[in-house]
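> If you scroll down you'll find the structure; I have some questions about it.
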Amino acid sequence: MPGWELTAANTGLKAIGLSCDSLPVYMGSSKPAAGTTISGKLIETQLDLSAGDILVERSCIRPKKLGITQPLVTTTGECTGSSCAVTPGKVTIRDSDFDGSKLSAKTIAGSCAFLGVGILQRNRMHGMGSGICFYNTGKRLDAIAEGNYIHQLRSDGESHNDGATIRDFVTTSTPDRRAVFRGNRIDCSSGNDTGALFIQTLGADIDQVTIEQNLLEGGGYQLGLEAGFGHVYGKHMRAVNNRFSGTGWGARYVERKSLSYGWSEWQDNYINDPAKTDNKGRAITAP
């Protein structure tokens with residue numbers, strides 16, 4: 001299903017006939033061991049999935065308490081100095097809700113629903129500052145987001161809100177790893193918007209990224225590609241068959257294009273127009 005067909009009714013728990021309040025409260029550890037499966041639970045604490053090899057499904061992640069700027073779910077382990085441990089094993093979260101509604105805007109405005117590296121499928125994320133943050137992704141695991149609906153983000157003060165972001169993705173030692181956003185609907189309309197999908201080489205080089213069949217909406221730029229901080233993009237940055245609202249500052253931008261940073265493939269990207277076949281409004285040229 002492409003992103004422009006997603007709604008709150010066909011993503012997350014509602015798509016499978018469940019709700020947060022219909023689930024029993026999770027009584028397990030907020031830092032589960034490797035090999036853990038959490039299924040059909042209302043999780044009222046932050047989740048630390050840094051042990052890896054963990055599956056969360058058909059659940060609601062709705063913390064009642066959270067530190068300011070802390071994510072609802074993280075795969076990042078203990079930090080020493082400027083370096084933080086990366087989960088050693090795959091983390092998957094699917095068919096679930098990420099819900100920040102029990103927290104104040106001040107608490108949640110600087111928080112991501114998910115921070116780290118993992119596989120996120122068919123989730124609904126709402127009520128937090130930012131959605132999916134692939135950051136501290138390491139050098140080995142794939143970062144995959146498919147069929148998620150991110151919306152109703154919240155801002156406070158001078159917060160900078162992203163619907164989703166990639167801040168590092170190194171492939172030099174593992175050229176077959178991939179970062180993928182496919183078939184998501186991402187609406188960044190908090191009032192303090194960087195944009196729906198903001199890709200920036202803040203933490204390290206970024207390569208092997210595919211952005212495909214998404215609907216990107218809201219303020220800021222819907223799709224931004226920004227290099228800097230001593231890092232660069234590789235030769236495999238693809239944006240194919242996406243739809244954009246064209247609101248805010250516009251559909252897309254590339255910063256420092258004169259230094260050869262940019263998309264290696266850009267095709268079949270359009271302004272979203274539900275009145276047109278396959279929602280193909282005006283074609284958007286490469287930035």
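Following the order of the structure tokens, chains are lettered A, B, ..., residues in each are numbered from 1, and ligands are numbered from 1.
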For A:Ala251, list every protein, DNA or RNA residue within 10 Å, evaluated using only C-alpha atoms, and leave out those in the same chain fewer than 3 positions away; present the list as a ChimeraX atom specification.
/A:195-196,216-224,243-248,269-271,284,287
> Got time to write the residues from that selection, C-alpha atoms, as a PDB file, in the first residue's frame?

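New file part05.pdb:
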```pdb
ATOM      1  CA  GLY A 195      10.145  18.729   7.506  1.00  0.00           C
ATOM      2  CA  ALA A 196       8.530  15.375   6.914  1.00  0.00           C
ATOM      3  CA  LEU A 216       5.354  13.516   2.672  1.00  0.00           C
ATOM      4  CA  GLU A 217       3.294  16.383   4.104  1.00  0.00           C
ATOM      5  CA  GLY A 218       3.396  19.426   6.341  1.00  0.00           C
ATOM      6  CA  GLY A 219       5.652  22.384   7.052  1.00  0.00           C
ATOM      7  CA  GLY A 220       9.333  22.991   6.424  1.00  0.00           C
ATOM      8  CA  TYR A 221      10.603  21.071   3.383  1.00  0.00           C
ATOM      9  CA  GLN A 222       8.926  17.729   2.893  1.00  0.00           C
ATOM     10  CA  LEU A 223      12.236  16.094   1.863  1.00  0.00           C
ATOM     11  CA  GLY A 224      15.585  17.619   2.773  1.00  0.00           C
ATOM     12  CA  ARG A 243       4.098  12.241  -3.338  1.00  0.00           C
ATOM     13  CA  PHE A 244       4.560  15.642  -1.691  1.00  0.00           C
ATOM     14  CA  SER A 245       2.117  18.161  -0.280  1.00  0.00           C
ATOM     15  CA  GLY A 246       4.283  21.057  -1.517  1.00  0.00           C
ATOM     16  CA  THR A 247       3.294  23.093   1.551  1.00  0.00           C
ATOM     17  CA  GLY A 248       5.585  24.970   3.940  1.00  0.00           C
ATOM     18  CA  ASN A 269       8.036  12.209  -7.820  1.00  0.00           C
ATOM     19  CA  TYR A 270       4.865  14.333  -7.851  1.00  0.00           C
ATOM     20  CA  ILE A 271       2.780  16.815  -5.910  1.00  0.00           C
ATOM     21  CA  ILE A 284       8.666  17.596  -9.260  1.00  0.00           C
ATOM     22  CA  PRO A 287      16.609  19.513  -6.760  1.00  0.00           C
TER      23      PRO A 287
END
```
> Could you check which of A:Pro32, A:Ala286, A:Ser96, A:Pro2 is closest to A:Glu212, using only C-alpha atoms?
A:Pro2
> Could you check the closest approach to A:Phe98 for each of A:Pro71, A:Gly250, A:Gly262, A:Gly147 and tell me which residue wins, using only C-alpha atoms?
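The answer is A:Pro71, which sits nearest to A:Phe98.
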> A:Asp278, A:Asp207, A:Asp99, A:Asp48: which is nearest A:Thr74, counting only C-alpha atoms?
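Result for the nearest residue to A:Thr74: A:Asp48.
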> Quick one: distance from atom CA of A:Lys106 to atom CA of A:Ile93 in Å, one decimal?
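Distance reported for this atom pair: 26.1 Å.
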> Write out as a PyMOL selection string all residues of stretch 57-264 of chain A that backbone DSSP assigns to helix (DSSP H, G or I).
chain A and resi 105-108+257-259
> Could you write out that same residue set with N, CA and C atoms as a compact mmCIF listing (two decimals), in the first residue's frame?

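What landed in selection10.txt:
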```txt
# COMPACT_ATOMS: atom_id res chain seq x y z
N ALA A 105 3.48 18.68 26.25
CA ALA A 105 4.21 19.12 25.05
C ALA A 105 5.65 19.48 25.39
N LYS A 106 5.87 20.10 26.54
CA LYS A 106 7.23 20.47 26.94
C LYS A 106 8.10 19.24 27.10
N THR A 107 7.55 18.18 27.65
CA THR A 107 8.31 16.94 27.83
C THR A 107 8.61 16.27 26.50
N ILE A 108 7.64 16.25 25.61
CA ILE A 108 7.71 15.38 24.43
C ILE A 108 8.20 16.08 23.17
N LYS A 257 24.69 21.47 -2.92
CA LYS A 257 24.70 20.67 -4.15
C LYS A 257 25.92 20.97 -4.99
N SER A 258 26.46 22.19 -4.89
CA SER A 258 27.63 22.56 -5.69
C SER A 258 28.84 21.70 -5.37
N LEU A 259 28.82 21.05 -4.21
CA LEU A 259 29.93 20.16 -3.84
C LEU A 259 29.60 18.71 -4.13
```
